[in-house]
file work-v5.txt (compact mmCIF, C-alpha atoms)
# COMPACT_ATOMS: atom_id res chain seq x y z
CA MET A 51 137.60 -187.05 -137.75
CA LYS A 52 137.90 -187.56 -141.54
CA ARG A 53 138.19 -191.34 -141.06
CA ILE A 54 134.99 -191.44 -139.03
CA GLN A 55 133.25 -189.24 -141.60
CA ALA A 56 134.23 -191.69 -144.33
CA ILE A 57 132.80 -194.55 -142.29
CA LEU A 58 129.47 -192.77 -141.94
CA VAL A 59 129.35 -192.01 -145.67
CA VAL A 60 129.52 -195.76 -146.25
CA CYS A 61 126.79 -196.25 -143.65
CA PHE A 62 124.47 -193.83 -145.39
CA VAL A 63 125.09 -195.47 -148.76
CA LEU A 64 123.81 -198.63 -147.09
CA VAL A 65 120.76 -196.91 -145.73
CA ALA A 66 119.89 -195.51 -149.16
CA ARG A 67 120.07 -198.96 -150.65
CA ALA A 68 118.07 -200.46 -147.80
CA ASN A 69 115.17 -198.35 -148.95
CA ALA A 70 115.12 -199.73 -152.48
CA GLY A 71 112.35 -202.16 -153.38
CA GLY A 72 112.94 -205.54 -154.87
CA LEU A 73 110.86 -207.66 -157.26
CA MET A 74 107.82 -207.85 -155.03
CA THR A 75 104.81 -209.23 -156.91
CA ASN A 76 102.94 -212.10 -155.23
CA THR A 77 100.72 -214.62 -157.04
CA ASN A 78 99.77 -217.15 -154.33
CA TYR A 79 96.46 -216.11 -152.81
CA HIS A 80 94.48 -219.34 -152.98
CA ILE A 81 95.74 -222.70 -151.69
CA ALA A 82 95.05 -224.17 -155.14
CA PHE A 83 98.14 -222.24 -156.29
CA ASP A 84 100.25 -223.76 -153.51
CA ARG A 85 99.27 -227.26 -154.58
CA MET A 86 99.15 -226.80 -158.39
CA MET A 87 100.96 -223.53 -159.31
CA ALA A 88 99.43 -223.00 -162.79
CA ARG A 89 95.94 -221.57 -162.19
CA GLY A 90 95.57 -219.20 -165.13
CA ALA A 91 92.79 -221.28 -166.76
CA THR A 92 90.67 -221.89 -163.66
CA PHE A 93 86.93 -221.21 -163.42
CA ASP A 94 86.82 -221.75 -159.64
CA VAL A 95 86.70 -219.01 -157.02
CA ASP A 96 90.44 -218.27 -157.43
CA ALA A 97 89.64 -217.01 -160.94
CA ALA A 98 88.92 -213.75 -159.09
CA TYR A 99 92.69 -213.22 -159.32
CA SER A 100 94.09 -215.78 -161.78
CA ASN A 101 91.47 -215.62 -164.55
CA PRO A 102 88.75 -212.99 -163.99
CA ALA A 103 87.19 -213.53 -167.41
CA GLY A 104 86.85 -217.24 -166.62
CA SER A 105 84.46 -216.61 -163.72
CA VAL A 106 81.50 -216.74 -166.11
CA TRP A 107 82.22 -220.39 -167.02
CA ASN A 108 81.75 -221.71 -163.49
CA GLN A 109 78.74 -224.06 -163.40
CA HIS A 110 77.53 -222.73 -160.05
CA GLU A 111 74.96 -219.94 -160.18
CA GLY A 112 75.28 -217.70 -157.16
CA TRP A 113 78.06 -216.97 -154.67
CA LEU A 114 81.51 -218.52 -154.27
CA LEU A 115 83.59 -217.57 -151.23
CA SER A 116 87.09 -218.66 -150.16
CA LEU A 117 89.15 -218.03 -147.00
CA ASN A 118 92.85 -218.94 -147.16
CA PHE A 119 95.68 -218.92 -144.62
CA GLN A 120 99.36 -219.43 -145.47
CA LYS A 121 102.51 -219.60 -143.37
CA PRO A 122 105.84 -218.88 -145.09
CA TRP A 123 109.34 -219.15 -143.64
CA GLN A 124 112.44 -217.90 -145.42
CA ASN A 125 116.14 -217.17 -145.14
CA ARG A 126 118.04 -214.54 -147.11
CA ASP A 127 121.75 -215.03 -146.49
CA ILE A 128 124.86 -213.19 -147.64
CA GLU A 129 128.27 -214.87 -147.47
CA THR A 130 131.39 -212.71 -147.75
CA ASN A 131 134.81 -214.09 -148.73
CA MET A 132 137.93 -211.92 -148.81
CA PRO A 133 141.35 -213.49 -149.56
CA ASN A 134 143.27 -210.66 -147.86
CA PHE A 135 141.55 -208.61 -145.20
CA LEU A 136 143.74 -206.92 -142.58
CA GLY A 137 146.49 -209.42 -143.28
CA SER A 138 144.44 -212.62 -143.25
CA SER A 139 141.61 -214.41 -145.04
CA PHE A 140 138.11 -213.42 -143.95
CA SER A 141 134.87 -215.34 -144.45
CA LYS A 142 131.51 -214.83 -142.78
CA LYS A 143 127.87 -215.65 -143.45
CA TYR A 144 125.37 -212.96 -142.51
CA GLU A 145 122.06 -214.71 -141.92
CA GLY A 146 118.90 -212.85 -142.76
CA VAL A 147 115.71 -214.28 -141.30
CA ALA A 148 112.52 -213.32 -143.12
CA LYS A 149 109.48 -213.59 -140.90
CA ALA A 150 105.78 -213.32 -141.62
CA PRO A 151 102.76 -214.13 -139.52
CA ILE A 152 99.89 -216.17 -140.92
CA VAL A 153 99.06 -214.55 -144.28
CA PRO A 154 95.30 -214.45 -145.01
CA SER A 155 93.39 -213.83 -148.22
CA LEU A 156 89.74 -213.60 -149.17
CA LEU A 157 88.30 -214.32 -152.63
CA ALA A 158 84.67 -214.10 -153.77
CA ALA A 159 82.62 -214.31 -156.95
CA TYR A 160 78.97 -214.02 -157.92
CA LYS A 161 77.72 -215.46 -161.23
CA LYS A 162 74.37 -214.89 -162.89
CA ASP A 163 73.61 -216.09 -166.43
CA ARG A 164 76.22 -214.50 -168.76
CA TRP A 165 77.97 -212.19 -166.26
CA ALA A 166 79.99 -212.41 -163.07
CA ILE A 167 81.45 -210.09 -160.45
CA SER A 168 84.52 -211.20 -158.50
CA GLY A 169 87.04 -209.75 -156.08
CA MET A 170 89.88 -210.47 -153.69
CA LEU A 171 91.67 -209.08 -150.65
CA GLY A 172 95.26 -210.09 -149.98
CA ILE A 173 98.93 -209.17 -149.72
CA VAL A 174 99.83 -208.56 -153.35
CA GLY A 175 103.49 -207.68 -152.87
CA CYS A 176 106.26 -208.48 -150.40
CA GLY A 177 104.62 -209.69 -147.23
CA GLY A 178 106.95 -209.92 -144.27
CA TYR A 179 109.88 -208.79 -142.18
CA VAL A 180 113.60 -209.41 -142.65
CA GLU A 181 116.26 -208.99 -139.99
CA TYR A 182 120.06 -209.25 -140.04
CA SER A 183 120.87 -209.43 -136.35
CA ASP A 184 124.64 -209.16 -137.01
CA GLY A 185 124.31 -206.44 -139.58
CA ILE A 186 125.35 -206.82 -143.20
CA PRO A 187 128.78 -206.86 -144.89
CA MET A 188 128.39 -203.63 -146.86
CA LEU A 189 128.22 -201.87 -143.49
CA ASN A 190 130.39 -203.96 -141.17
CA VAL A 191 133.38 -204.69 -143.41
CA PRO A 192 134.16 -201.10 -144.51
CA LEU A 193 133.68 -199.81 -140.97
CA THR A 194 136.11 -202.42 -139.62
CA ALA A 195 138.66 -201.60 -142.33
CA MET A 196 138.46 -197.86 -141.80
CA LEU A 197 138.80 -198.12 -138.03
CA ALA A 198 141.87 -200.30 -138.59
CA SER A 199 143.38 -197.68 -140.90
CA SER A 200 143.02 -195.24 -137.99
CA GLY A 201 144.88 -197.64 -135.71
CA VAL A 202 141.75 -199.01 -134.02
CA MET A 203 142.03 -202.75 -134.62
CA PRO A 204 139.34 -205.44 -134.24
CA GLY A 205 139.29 -206.69 -130.68
CA SER A 206 139.81 -203.25 -129.19
CA TYR A 207 136.15 -202.33 -129.58
CA THR A 208 132.74 -203.96 -129.90
CA LEU A 209 130.57 -203.63 -132.97
CA ASP A 210 126.80 -203.65 -132.49
CA SER A 211 125.18 -203.69 -135.91
CA GLU A 212 121.64 -204.55 -137.05
CA MET A 213 119.50 -203.95 -140.12
CA LYS A 214 115.82 -204.83 -140.46
CA GLY A 215 112.86 -203.86 -142.56
CA LYS A 216 109.21 -204.50 -143.31
CA GLN A 217 107.44 -204.43 -146.67
CA TYR A 218 103.76 -205.14 -147.26
CA ILE A 219 101.63 -204.23 -150.26
CA TYR A 220 97.97 -204.87 -149.49
CA GLY A 221 95.58 -205.20 -152.41
CA ALA A 222 91.80 -205.00 -152.91
CA GLN A 223 90.63 -206.09 -156.37
CA VAL A 224 87.25 -206.13 -158.12
CA ASN A 225 86.39 -207.44 -161.62
CA PHE A 226 83.34 -207.47 -163.89
CA ALA A 227 83.17 -210.31 -166.47
CA TYR A 228 80.76 -210.95 -169.33
CA ARG A 229 80.32 -213.92 -171.68
CA ILE A 230 80.28 -212.29 -175.11
CA THR A 231 79.64 -215.47 -177.11
CA ASP A 232 79.26 -219.15 -176.33
CA PHE A 233 83.04 -219.50 -176.34
CA LEU A 234 84.48 -216.04 -175.53
CA SER A 235 84.36 -213.90 -172.38
CA ALA A 236 86.09 -210.74 -171.22
CA ALA A 237 86.60 -208.90 -167.95
CA ALA A 238 87.74 -205.53 -166.70
CA GLY A 239 88.69 -204.53 -163.20
CA LEU A 240 91.12 -202.72 -160.97
CA ARG A 241 93.16 -203.30 -157.84
CA VAL A 242 93.97 -200.71 -155.21
CA ASN A 243 97.46 -201.29 -153.76
CA TYR A 244 98.57 -199.90 -150.40
CA TYR A 245 102.25 -199.96 -149.39
CA ASP A 246 103.24 -200.13 -145.71
CA GLY A 247 106.89 -200.52 -144.73
CA TYR A 248 109.82 -199.33 -142.68
CA ASN A 249 113.63 -199.36 -142.60
CA ARG A 250 115.33 -199.50 -139.21
CA GLY A 251 118.92 -200.04 -138.27
CA HIS A 252 121.90 -198.97 -136.23
CA VAL A 253 125.65 -199.36 -136.03
CA ILE A 254 127.58 -198.64 -132.86
CA ALA A 255 131.34 -198.98 -132.52
CA ASN A 256 132.30 -198.74 -128.83
CA ASN A 257 135.79 -199.00 -127.30
CA GLY A 258 134.50 -199.58 -123.77
CA GLN A 259 134.80 -195.93 -122.80
CA LEU A 260 132.76 -194.18 -125.45
CA ASP A 261 131.06 -194.65 -128.79
CA LEU A 262 133.36 -194.02 -131.72
CA VAL A 263 130.40 -194.17 -134.11
CA ASN A 264 126.68 -194.21 -133.36
CA LEU A 265 124.25 -194.21 -136.27
CA GLN A 266 120.48 -194.62 -135.82
CA LEU A 267 117.72 -194.89 -138.44
CA ASP A 268 113.95 -195.34 -138.14
CA CYS A 269 112.04 -194.46 -141.30
CA LEU A 270 108.40 -195.38 -142.01
CA GLN A 271 106.89 -195.31 -145.50
CA LYS A 272 103.32 -195.50 -146.79
CA GLY A 273 101.73 -194.98 -150.20
CA TRP A 274 99.16 -196.30 -152.62
CA GLY A 275 98.40 -196.84 -156.30
CA ILE A 276 95.91 -198.44 -158.71
CA SER A 277 96.39 -201.30 -161.21
CA PRO A 278 93.77 -201.51 -164.01
CA ILE A 279 93.26 -205.14 -165.12
CA VAL A 280 91.82 -206.62 -168.33
CA SER A 281 91.42 -210.29 -169.27
CA ILE A 282 89.89 -212.55 -171.89
CA ASP A 283 88.99 -216.25 -171.88
CA PHE A 284 88.35 -218.58 -174.83
CA HIS A 285 86.61 -221.79 -173.78
CA THR A 286 85.33 -224.56 -175.99
CA GLY A 287 85.01 -228.24 -175.12
CA PRO A 288 88.08 -229.39 -173.15
CA VAL A 289 90.21 -226.38 -174.19
CA THR A 290 90.63 -223.08 -172.32
CA ILE A 291 92.95 -220.27 -173.43
CA ALA A 292 93.14 -217.26 -171.14
CA ALA A 293 95.13 -214.05 -170.96
CA ARG A 294 95.34 -211.32 -168.31
CA TYR A 295 97.15 -207.97 -168.31
CA GLU A 296 97.74 -205.83 -165.24
CA PHE A 297 98.88 -202.28 -165.83
CA ARG A 298 101.70 -200.79 -163.78
CA SER A 299 100.68 -199.30 -160.44
CA ARG A 300 102.56 -196.13 -159.54
CA ILE A 301 103.21 -196.14 -155.79
CA ASN A 302 104.90 -193.12 -154.29
CA THR A 303 105.70 -193.33 -150.57
CA GLU A 304 106.39 -190.44 -148.24
CA ASN A 305 108.90 -190.76 -145.42
CA ASP A 306 107.67 -190.47 -141.86
CA THR A 307 111.12 -190.40 -140.28
CA LYS A 308 111.11 -190.92 -136.54
CA GLN A 309 114.89 -190.98 -136.17
CA LEU A 310 117.85 -190.11 -138.38
CA ASN A 311 120.79 -189.35 -136.14
CA ALA A 312 124.56 -189.61 -136.32
CA LYS A 313 127.02 -189.09 -133.48
CA ILE A 314 130.72 -188.78 -134.32
CA PHE A 315 133.55 -188.54 -131.79
CA SER A 316 136.05 -185.90 -132.85
CA THR A 317 139.56 -186.07 -131.43
CA ALA A 318 140.11 -182.47 -132.55
CA ILE A 319 137.59 -181.11 -130.08
CA ASN A 320 137.60 -184.14 -127.74
CA ASN A 321 133.82 -184.22 -128.00
CA TYR A 322 130.96 -185.35 -130.21
CA VAL A 323 129.63 -183.77 -133.35
CA THR A 324 125.87 -184.39 -133.25
CA GLY A 325 122.51 -183.40 -134.72
CA ASP A 326 122.27 -181.32 -137.87
CA MET A 327 126.00 -180.53 -137.78
CA ALA A 328 126.80 -184.23 -138.19
CA LEU A 329 124.09 -184.89 -140.78
CA ALA A 330 125.00 -181.80 -142.82
CA GLN A 331 128.39 -183.32 -143.65
CA PHE A 332 126.77 -186.05 -145.71
CA GLY A 333 124.52 -184.05 -148.05
CA ASP A 334 122.57 -186.27 -150.47
CA LYS A 335 123.59 -189.41 -148.56
CA VAL A 336 121.02 -188.65 -145.85
CA ALA A 337 118.57 -186.71 -148.00
CA PRO A 338 116.54 -189.77 -149.17
CA TYR A 339 115.64 -190.59 -145.54
CA LYS A 340 114.67 -187.20 -144.29
CA ASP A 341 111.11 -186.69 -143.17
CA GLY A 342 108.70 -186.06 -146.05
CA VAL A 343 110.94 -187.35 -148.86
CA ASP A 344 109.25 -189.51 -151.54
CA THR A 345 110.42 -192.95 -152.77
CA ARG A 346 108.92 -195.12 -155.53
CA TYR A 347 107.73 -198.73 -155.04
CA ASP A 348 105.85 -199.38 -158.29
CA VAL A 349 104.05 -202.69 -158.86
CA PRO A 350 105.15 -203.77 -162.37
CA ALA A 351 102.88 -204.37 -165.32
CA MET A 352 102.20 -208.10 -165.75
CA LEU A 353 101.11 -210.32 -168.64
CA ALA A 354 99.79 -213.84 -167.94
CA VAL A 355 98.85 -216.36 -170.64
CA ALA A 356 97.50 -219.85 -169.85
CA VAL A 357 96.31 -222.91 -171.75
CA GLY A 358 94.20 -225.48 -169.90
CA TYR A 359 93.03 -228.89 -171.10
CA GLU A 360 90.60 -231.41 -169.59
CA PHE A 361 91.85 -234.87 -170.51
CA SER A 362 88.83 -236.42 -168.82
CA ASP A 363 86.21 -235.65 -166.20
CA LYS A 364 88.87 -236.46 -163.59
CA LEU A 365 92.16 -235.10 -165.01
CA ARG A 366 93.00 -231.47 -165.84
CA ALA A 367 96.28 -229.72 -166.66
CA THR A 368 97.43 -226.16 -167.32
CA ALA A 369 100.56 -224.57 -168.82
CA GLU A 370 101.14 -220.90 -168.10
CA TYR A 371 103.54 -218.01 -168.72
CA HIS A 372 104.04 -214.79 -166.74
CA PHE A 373 106.01 -211.69 -167.68
CA TYR A 374 106.64 -208.90 -165.17
CA ASP A 375 107.91 -205.64 -166.66
CA ASP A 376 110.19 -204.86 -163.71
CA LYS A 377 112.53 -202.88 -165.95
CA HIS A 378 109.93 -200.10 -166.19
CA ALA A 379 108.54 -200.25 -162.64
CA LYS A 380 110.31 -197.46 -160.80
CA MET A 381 112.25 -198.24 -157.63
CA GLY A 382 114.18 -196.18 -155.11
CA ASN A 383 117.48 -194.82 -156.45
CA ASN A 384 116.33 -195.89 -159.94
CA ARG A 385 117.55 -199.45 -159.33
CA HIS A 386 115.14 -200.74 -161.97
CA GLU A 387 117.44 -199.23 -164.60
CA GLU A 388 120.16 -201.73 -163.60
CA LEU A 389 118.01 -204.73 -164.56
CA THR A 390 118.82 -206.47 -167.85
CA GLY A 391 115.09 -207.04 -168.46
CA GLY A 392 111.85 -208.16 -166.91
CA THR A 393 111.03 -211.36 -165.02
CA ASN A 394 109.91 -214.50 -166.86
CA GLU A 395 107.95 -217.32 -165.19
CA PHE A 396 106.94 -220.68 -166.65
CA LEU A 397 104.34 -222.79 -164.82
CA LEU A 398 102.88 -226.27 -165.28
CA GLY A 399 100.32 -228.00 -163.08
CA ALA A 400 97.78 -230.82 -163.02
CA GLU A 401 95.05 -232.06 -160.71
CA TYR A 402 93.21 -235.37 -160.53
CA ASP A 403 89.89 -236.27 -158.91
CA ILE A 404 90.34 -239.60 -157.16
CA ASN A 405 86.58 -239.71 -156.64
CA ASP A 406 83.75 -237.31 -155.90
CA LYS A 407 85.32 -236.47 -152.54
CA PHE A 408 89.12 -236.26 -152.98
CA THR A 409 91.38 -234.33 -155.39
CA VAL A 410 95.18 -234.35 -155.58
CA SER A 411 97.45 -231.98 -157.50
CA LEU A 412 101.06 -231.23 -158.38
CA GLY A 413 102.77 -228.30 -160.07
CA GLY A 414 106.01 -226.48 -160.75
CA GLN A 415 107.28 -223.01 -161.59
CA ARG A 416 110.52 -221.63 -163.06
CA THR A 417 111.39 -217.98 -162.35
CA ASP A 418 114.14 -216.08 -164.21
CA TYR A 419 114.96 -212.53 -163.14
CA GLY A 420 116.87 -209.89 -165.06
CA GLN A 421 119.53 -209.47 -162.35
CA SER A 422 122.83 -207.69 -162.70
CA ASP A 423 125.68 -207.06 -160.27
CA LYS A 424 124.67 -203.42 -159.94
CA PHE A 425 121.06 -204.34 -159.17
CA GLN A 426 121.96 -206.83 -156.42
CA THR A 427 122.51 -205.25 -153.00
CA ASN A 428 122.83 -206.59 -149.47
CA THR A 429 119.38 -205.32 -148.59
CA SER A 430 117.52 -206.30 -151.77
CA PHE A 431 118.54 -209.16 -154.04
CA ALA A 432 116.87 -211.74 -156.26
CA CYS A 433 117.88 -215.32 -157.14
CA ASP A 434 116.52 -217.43 -160.01
CA SER A 435 114.49 -220.35 -158.75
CA TRP A 436 112.44 -223.52 -159.21
CA SER A 437 109.28 -224.06 -157.15
CA ILE A 438 107.42 -227.31 -156.57
CA GLY A 439 103.95 -227.49 -155.08
CA LEU A 440 101.67 -230.35 -154.07
CA GLY A 441 98.56 -230.99 -152.04
CA GLY A 442 94.92 -231.83 -152.31
CA ALA A 443 91.31 -230.96 -151.61
CA VAL A 444 88.41 -232.73 -149.96
CA ASN A 445 84.72 -232.01 -150.46
CA LEU A 446 83.38 -231.95 -146.92
CA THR A 447 79.85 -231.39 -148.24
CA GLU A 448 78.32 -230.46 -151.58
CA LYS A 449 78.95 -226.79 -150.77
CA ILE A 450 82.11 -226.83 -148.64
CA ARG A 451 85.61 -227.76 -149.82
CA LEU A 452 88.83 -227.89 -147.80
CA ASN A 453 92.18 -227.22 -149.55
CA ALA A 454 95.67 -227.95 -148.23
CA GLY A 455 98.98 -227.36 -149.96
CA TYR A 456 102.74 -226.99 -149.60
CA PHE A 457 105.38 -225.59 -151.89
CA ILE A 458 109.12 -225.18 -151.67
CA THR A 459 111.29 -222.83 -153.69
CA LEU A 460 114.83 -223.89 -154.62
CA TYR A 461 117.05 -220.92 -155.44
CA SER A 462 120.26 -220.66 -157.44
CA ASN A 463 123.00 -218.78 -155.60
CA TYR A 464 124.11 -215.48 -157.09
CA ASP A 465 127.85 -214.63 -156.94
CA LYS A 466 128.99 -211.03 -157.07
CA SER A 467 132.71 -210.20 -157.24
CA PHE A 468 134.40 -206.99 -156.17
CA ALA A 469 137.83 -205.95 -157.43
CA ALA A 470 140.15 -203.94 -155.19
CA GLY A 471 139.22 -200.33 -155.58
CA ASN A 472 138.24 -197.02 -154.11
CA PRO A 473 134.62 -196.88 -152.84
CA ALA A 474 134.61 -193.10 -153.16
CA ALA A 475 135.08 -193.58 -156.92
CA GLY A 476 132.23 -196.07 -157.13
CA GLU A 477 134.56 -199.07 -157.28
CA GLY A 478 132.95 -201.09 -154.50
CA TYR A 479 132.37 -200.57 -150.82
CA TYR A 480 135.05 -202.97 -149.58
CA GLY A 481 137.78 -200.40 -149.95
CA THR A 482 141.20 -199.96 -151.49
CA GLY A 483 143.39 -203.08 -151.60
CA PHE A 484 140.63 -205.61 -150.85
CA GLU A 485 139.11 -208.09 -153.26
CA ALA A 486 135.90 -209.80 -152.24
CA LYS A 487 133.12 -212.08 -153.39
CA GLU A 488 129.58 -212.08 -152.05
CA THR A 489 127.24 -215.03 -152.45
CA TYR A 490 123.53 -214.35 -152.14
CA SER A 491 121.32 -217.32 -151.23
CA ARG A 492 117.70 -217.83 -150.26
CA THR A 493 115.29 -220.50 -149.02
CA ASN A 494 111.50 -220.46 -149.02
CA ASN A 495 108.77 -222.81 -147.77
CA VAL A 496 105.02 -222.22 -147.59
CA VAL A 497 102.20 -224.31 -146.10
CA GLY A 498 98.58 -223.34 -146.38
CA VAL A 499 94.99 -224.34 -145.74
CA GLY A 500 91.80 -222.83 -147.07
CA ILE A 501 88.09 -223.40 -147.25
CA ASP A 502 85.71 -222.73 -150.16
CA PHE A 503 81.96 -222.19 -149.85
CA LYS A 504 79.10 -222.23 -152.35
CA PHE A 505 75.76 -220.61 -151.60

call {"tool": "encode", "arguments": {"input": "work-v5.txt", "output": "structure tokens"}}
result
Amino acid sequence: MKRIQAILVVCFVLVARANAGGLMTNTNYHIAFDRMMARGATFDVDAAYSNPAGSVWNQHEGWLLSLNFQKPWQNRDIETNMPNFLGSSFSKKYEGVAKAPIVPSLLAAYKKDRWAISGMLGIVGCGGYVEYSDGIPMLNVPLTAMLASSGVMPGSYTLDSEMKGKQYIYGAQVNFAYRITDFLSAAAGLRVNYYDGYNRGHVIANNGQLDLVNLQLDCLQKGWGISPIVSIDFHTGPVTIAARYEFRSRINTENDTKQLNAKIFSTAINNYVTGDMALAQFGDKVAPYKDGVDTRYDVPAMLAVAVGYEFSDKLRATAEYHFYDDKHAKMGNNRHEELTGGTNEFLLGAEYDINDKFTVSLGGQRTDYGQSDKFQTNTSFACDSWSIGLGGAVNLTEKIRLNAGYFITLYSNYDKSFAAGNPAAGEGYYGTGFEAKETYSRTNNVVGVGIDFKF
């Protein structure tokens, strides 16, 4: 009985971590980002997000409208290596498949004389589903080890384990911009952010006659918050210098728990311990997932600074910097406190008009997170990366433009080592006598098409 209880404690530690948010801010709403990356000095319709104060410099008087559709595909893998596990070396890759349907966004702006109103609708954070169909090591490995310590060896039972989750933050943003002088403009606005997500999983150890362990979780979460936004734009001749600051959005979600059940087979009574009697043994391990409990998913404050230069009527380039204050954006279980700092991004992009009809562009982005071993978990981890984007646009008519783009993100693997220790003492979940190393890796590709209108 005590061995099975220990297994379930490990399981509930996993579940608590599965609820924690990662670094979730999105910046790619318009296909021009996919094909150029650095858009912080733009005056086009995507200024509604990237440079609200720059909307007043667009030469078109009237409405701008843009519809965009992107398709991402990703992998988030965890590879476990243990030199001595139950008497032999153990290595396994747990493949996490991140799925998202077609991701839409809508941007619009209206300019009249010295002022402009702009707005956007899109997925401003996260944006997809992730599933580990074979479970994850922080659940499977300790359970296997603890069953073995009770004399139940691998091969004498089947292990059915799965973890999956969904995270979307939908955003609706509106800005008001005004040209203060012939070279300076400013804007103020806000974005309403709505979080919609769930955590679902199970682990079942079955010896062919009965379940030794059966754990089930289905927890839905929803919440919302507001991000005030201010920006300025200095524009003279071929030079544009722009800055934008988004304040932190406090998002507090409330659990709508459909299922939180544990079933434990007790040899002492030759029967199962179920319901509240089973859950009561785990105290604060299950408390974060009970119905009605709150969890934070703050959108961090962000500073963006961009410098754009027009080398000619045909060639334009932009250099840009982003800082996300993730260290002070609260997460579940206070994981943000484990970060060494915020996230830094460096972007560079250029576009060239081949003629009045065709434009091509290329860009890149470097992202450095403030990771630490304690921040990285099986269910939420970040890897530093390089992104490269390319694509083009074609003017179908004087008032309709088609954009197409593709970008790929190349991630650095993150290695996390575990010394042999006692998980009950906070020394790692692999258990006494086992050393281990986990390697976190990711892949990401995005293709997109969009269409801009003037009227």

call {"tool": "closest_residue", "arguments": {"input": "work-v5.txt", "among": "A:Asp502, A:Met213, A:Phe408, A:Gly392", "to": "A:Leu156", "atoms": "only C-alpha atoms"}}
result
A:Asp502

call {"tool": "atom_distance", "arguments": {"input": "work-v5.txt", "atom1": "atom CA of A:Ala443", "atom2": "atom CA of A:Leu171"}}
result
21.9 Å

call {"tool": "closest_residue", "arguments": {"input": "work-v5.txt", "among": "A:Thr409, A:Thr393, A:Thr130, A:Asn125", "to": "A:Gln421", "atoms": "all atoms listed in the file"}}
result
A:Thr393

call {"tool": "closest_residue", "arguments": {"input": "work-v5.txt", "among": "A:Phe226, A:Tyr79, A:Tyr144, A:Arg164", "to": "A:Leu189", "atoms": "all atoms listed in the file"}}
result
A:Tyr144

call {"tool": "closest_residue", "arguments": {"input": "work-v5.txt", "among": "A:Arg241, A:Lys466, A:Arg298, A:Arg416", "to": "A:Asp375", "atoms": "all atoms listed in the file"}}
result
A:Arg298

call {"tool": "residues_around", "arguments": {"input": "work-v5.txt", "residues": "A:Met86", "least_positions_apart": "4", "cutoff": "7 Å", "atoms": "only C-alpha atoms", "output": "ChimeraX atom specification"}}
result
/A:82,399-400,411-413,439-440

call {"tool": "atom_distance", "arguments": {"input": "work-v5.txt", "atom1": "atom CA of A:Ala238", "atom2": "atom CA of A:Val174"}}
result
18.3 Å

call {"tool": "closest_residue", "arguments": {"input": "work-v5.txt", "among": "A:Ile276, A:Val95, A:Leu240, A:Val147", "to": "A:Arg492", "atoms": "only C-alpha atoms"}}
result
A:Val147

call {"tool": "atom_distance", "arguments": {"input": "work-v5.txt", "atom1": "atom CA of A:Arg300", "atom2": "atom CA of A:His378"}}
result
10.7 Å

call {"tool": "residues_near_point", "arguments": {"input": "work-v5.txt", "point": "(124.3, -204.5, -147.2)", "cutoff": "7 Å", "atoms": "only C-alpha atoms", "output": "PyMOL selection string"}}
result
chain A and resi 64+186-189+427-429

call {"tool": "closest_residue", "arguments": {"input": "work-v5.txt", "among": "A:Leu117, A:Ala88, A:Ile254, A:Ala97", "to": "A:Asp283", "atoms": "all atoms listed in the file"}}
result
A:Ala97

call {"tool": "residues_near_point", "arguments": {"input": "work-v5.txt", "point": "(76.7, -216.2, -157.3)", "cutoff": "12 Å", "atoms": "all atoms listed in the file", "output": "PyMOL selection string"}}
result
chain A and resi 94-95+105-115+158-168+503-505

call {"tool": "residues_around", "arguments": {"input": "work-v5.txt", "residues": "A:Asp184", "least_positions_apart": "4", "cutoff": "9 Å", "atoms": "all atoms listed in the file", "output": "ChimeraX atom specification"}}
result
/A:144-146,190,210-213

call {"tool": "residues_around", "arguments": {"input": "work-v5.txt", "residues": "A:Asp344", "least_positions_apart": "5", "cutoff": "12 Å", "atoms": "all atoms listed in the file", "output": "list in words"}}
result
Asn69, Ala70, Cys269, Leu270, Gln271, Lys272, Gly273, Ile301, Asn302, Thr303, Glu304, Asn305, Asp306, Thr307, Ala337, Pro338, Tyr339, Met381, Gly382 and Asn383 of chain A

call {"tool": "axis_aligned_box", "arguments": {"input": "work-v5.txt", "around": "stretch 268-280 of chain A", "padding_each_side": "4 Å", "output": "AutoDock Vina command-line options"}}
result
--center_x 102.9 --center_y -200.5 --center_z -153.2 --size_x 30.1 --size_y 20.2 --size_z 38.2

call {"tool": "residues_around", "arguments": {"input": "work-v5.txt", "residues": "A:Gly441", "least_positions_apart": "2", "cutoff": "7 Å", "atoms": "all atoms listed in the file", "output": "MDAnalysis selection string"}}
result
chainID A and resid 85 410:412 454:456

call {"tool": "residues_around", "arguments": {"input": "work-v5.txt", "residues": "A:Leu329", "least_positions_apart": "4", "cutoff": "8 Å", "atoms": "all atoms listed in the file", "output": "PyMOL selection string"}}
result
chain A and resi 311-312+324-325+333+336
